[in-house]
Amino acid sequence: MVRSKELDNIKTALVIIMLLYHSASCLNIWPQYLEVLYFIHYAFILMTGAVVGFHYLQITDESIKKSKYRLIQRGIKLLCIFILCNSLFYLMKVYSLTTLMEYIQEVGIVQFLCNPKGRLCAFEILYYIAIFLIISPICLMKHGTEIGGILGCVLILLRWNPLVFCIGLGLLGICLGNVLYKTTIHWQVFLKAIIQWGWTDGLLLFILHMLGPWHQQGGVVFIEILLWLVFIMSIMHYAFLPKTFDIFGKYTLLAYIFQVLFLAILAIIIRRFHFPPSINYFILLVLATGGTLIFLHAVNRLRKKFPVCDGIYKFIFS
């Protein structure tokens with residue numbers, strides 16, 4: 001399976017932004033800062049769809065059935081990981097199981113499943129991606145990309161609830177990934193335009209945030225996410241990050257799971273020292289980034305050295 005360097009670069013940047021976001025959210029500080037970076041949740045859904053569109057739509061008729069099964073299987077695995085990780089958080093008393101059950105009794109299980117609130121459980125991105133992957137095989141049908149694109153637009157514009165909105169984002173992401181694959185010749189020209197105009201993009205993002213709450217409407221949020229991705233690609237072109245950070249693009253999902261768990265533990269420890277919020281944030285960010293890099297490189301080395309480790313990784317995440 002051929003990897004897209006551009007997609008990996010964007011995923012690397014998203015993991016870095018995710019570290020910036022979660023380092024603050026674990027300490028419950030700077031709500032305005034968190035609001036600006038909240039797009040990261042939706043961007044991961046869109047990029048998941050793009051990866052599906054880039055890889056899974058470029059298949060022969062004989063392998064369509066196998067690909068459908070694999071997407072559904074991956075979705076079910078992510079659901080299991082979501083449940084397992086949250087169970088660990090409840091055991092660590094990061095979240096209250098009693099509060100969760102009271103909330104479900106109050107609003108009903110259906111509403112909770114459509115919007116698992118961040119104060120009641122963690123790893124919401126895993127949940128939304130899992131449901132999207134289970135639904136995504138509709139795009140492998142005849143004219144599935146067109147149907148998925150239209151359905152994605154409808155779901156985004158209606159924005160009934162976070163789950164429906166994320167499914168719509170994922171479906172549009174599939175269309176973007178498919179276009180990326182089929183326009184490889186024109187992609188470099190498009191990439192140069194993105195790099196050239198990416199900084200103007202930052203001004204547009206600032207204006208969107210200054211326009212008030214209406215910018216949170218579904219269609220505008222989708223435009224905002226695209227603007228962020230263009231801005232990120234422009235920054236990545238000039239950032240010259242060390243090669244060691246490329247591992248984020250290869251192990252995006254594992255990076256997300258590890259750093260959320262790692263940050264939760266670090267935050268419990270750091271709060272005991274009563275440092276100023278900015279110092280706590282800097283310490284958390286440095287430790288979480290370094291710890292995640294070390295962990296991912298260790299996993300990568302183990303996979304290369306021991307076939308058993310590679311097999312376990314593929315069983316869980318592939």
# chains A, B, ... in the order shown; residues from 1 in each chain; ligands from 1
$ select_by_dssp --residues "range 20-135 of chain A" --states "alpha helix (DSSP H)" --output "JSON, numbers by chain"
{"A": [20, 21, 22, 23, 24, 25, 31, 32, 33, 34, 35, 36, 37, 39, 40, 41, 42, 43, 44, 45, 46, 47, 48, 49, 50, 51, 52, 53, 54, 55, 64, 65, 66, 67, 68, 69, 70, 71, 72, 73, 74, 75, 76, 77, 78, 79, 80, 81, 82, 83, 84, 85, 86, 87, 88, 89, 90, 91, 97, 98, 99, 100, 101, 102, 103, 104, 105, 106, 107, 109, 110, 111, 112, 113, 114, 124, 125, 126, 127, 128, 129, 130, 131, 132, 133, 134, 135]}
$ closest_atom_pairs --of "range 55-98 of chain A" --to "range 260-268 of chain A" --cutoff "10 Å" --atoms "only C-alpha atoms" --output "CSV"
residue,atom,partner,partner_atom,distance
A:Cys85,CA,A:Leu261,CA,8.2
A:Asn86,CA,A:Leu261,CA,9.8
A:Leu88,CA,A:Leu261,CA,9.1
A:Phe89,CA,A:Leu261,CA,8.2
A:Met92,CA,A:Ile265,CA,9.0
A:Val94,CA,A:Ala264,CA,7.7
$ closest_residue --among "A:Ile279, A:Leu293, A:Ile131, A:Ala288" --to "Tyr251 in chain A" --atoms "only C-alpha atoms"
A:Leu293
$ atom_distance --atom1 "CA of Ile312 in chain A" --atom2 "CA of Thr12 in chain A"
23.5 Å
$ residues_around --residues "Leu34 in chain A" --least-positions-apart "3" --cutoff "8 Å" --atoms "only C-alpha atoms" --output "list in words"
Tyr21, Ala24, Ser25, Trp30, Pro31, Leu37 and Tyr38 of chain A
$ write_last_selection --atoms "N, CA and C atoms" --output "PDB file, in the first residue's frame"
ATOM      1  N   TYR A  21      -3.150  20.934  22.445  1.00  0.00           N
ATOM      2  CA  TYR A  21      -4.524  21.018  22.959  1.00  0.00           C
ATOM      3  C   TYR A  21      -4.686  20.233  24.259  1.00  0.00           C
ATOM      4  N   ALA A  24      -3.192  21.467  27.628  1.00  0.00           N
ATOM      5  CA  ALA A  24      -3.979  22.502  28.313  1.00  0.00           C
ATOM      6  C   ALA A  24      -5.274  21.940  28.881  1.00  0.00           C
ATOM      7  N   SER A  25      -5.944  21.056  28.121  1.00  0.00           N
ATOM      8  CA  SER A  25      -7.241  20.538  28.583  1.00  0.00           C
ATOM      9  C   SER A  25      -7.085  19.661  29.826  1.00  0.00           C
ATOM     10  N   TRP A  30      -7.043  27.964  30.220  1.00  0.00           N
ATOM     11  CA  TRP A  30      -7.093  28.694  28.959  1.00  0.00           C
ATOM     12  C   TRP A  30      -8.218  28.225  28.025  1.00  0.00           C
ATOM     13  N   PRO A  31      -9.484  28.409  28.415  1.00  0.00           N
ATOM     14  CA  PRO A  31     -10.612  27.955  27.587  1.00  0.00           C
ATOM     15  C   PRO A  31     -10.644  28.566  26.188  1.00  0.00           C
ATOM     16  N   LEU A  37      -8.240  25.698  19.194  1.00  0.00           N
ATOM     17  CA  LEU A  37      -7.640  24.434  18.745  1.00  0.00           C
ATOM     18  C   LEU A  37      -8.637  23.275  18.685  1.00  0.00           C
ATOM     19  N   TYR A  38      -9.897  23.544  19.011  1.00  0.00           N
ATOM     20  CA  TYR A  38     -10.879  22.452  19.068  1.00  0.00           C
ATOM     21  C   TYR A  38     -11.110  21.814  17.694  1.00  0.00           C
TER      22      TYR A  38
END
$ residues_around --residues "Ala130 in chain A" --least-positions-apart "5" --cutoff "10 Å" --atoms "only C-alpha atoms" --output "PDB file with C-alpha atoms, in the first residue's frame"
ATOM      1  CA  ILE A  45     -12.193  12.665  11.209  1.00  0.00           C
ATOM      2  CA  LEU A  71     -13.091  -1.260   7.188  1.00  0.00           C
ATOM      3  CA  ILE A  72     -15.908  -2.659   9.334  1.00  0.00           C
ATOM      4  CA  GLN A  73     -13.404  -4.773  11.266  1.00  0.00           C
ATOM      5  CA  ARG A  74     -11.206  -1.727  11.950  1.00  0.00           C
ATOM      6  CA  GLY A  75     -14.243   0.206  13.164  1.00  0.00           C
ATOM      7  CA  ILE A  76     -15.198  -2.551  15.598  1.00  0.00           C
ATOM      8  CA  LYS A  77     -11.606  -2.747  16.875  1.00  0.00           C
ATOM      9  CA  LEU A  78     -11.600   1.004  17.532  1.00  0.00           C
ATOM     10  CA  LEU A  79     -14.869   0.693  19.446  1.00  0.00           C
ATOM     11  CA  CYS A  80     -13.265  -1.973  21.626  1.00  0.00           C
ATOM     12  CA  ILE A  81     -10.202   0.243  22.186  1.00  0.00           C
ATOM     13  CA  PHE A  82     -12.513   3.160  23.078  1.00  0.00           C
ATOM     14  CA  GLU A 124     -14.260  10.646  21.712  1.00  0.00           C
ATOM     15  CA  ILE A 125     -12.296  10.806  18.452  1.00  0.00           C
ATOM     16  CA  ILE A 135     -20.468   3.086   7.694  1.00  0.00           C
ATOM     17  CA  SER A 136     -17.744   3.962   5.158  1.00  0.00           C
ATOM     18  CA  ILE A 167     -19.869  10.916   9.777  1.00  0.00           C
TER      19      ILE A 167
END
$ closest_residue --among "A:Gln32, A:Thr98, A:Thr289, A:Thr48" --to "Gly168 in chain A" --atoms "only C-alpha atoms"
A:Thr48
$ atom_distance --atom1 "CA of Gly173 in chain A" --atom2 "CA of Met47 in chain A"
6.2 Å
$ atom_distance --atom1 "CA of Asn178 in chain A" --atom2 "CA of Phe54 in chain A"
5.1 Å
$ closest_residue --among "A:Val52, A:Leu27, A:Val179, A:Leu20" --to "His274 in chain A" --atoms "only C-alpha atoms"
A:Leu27
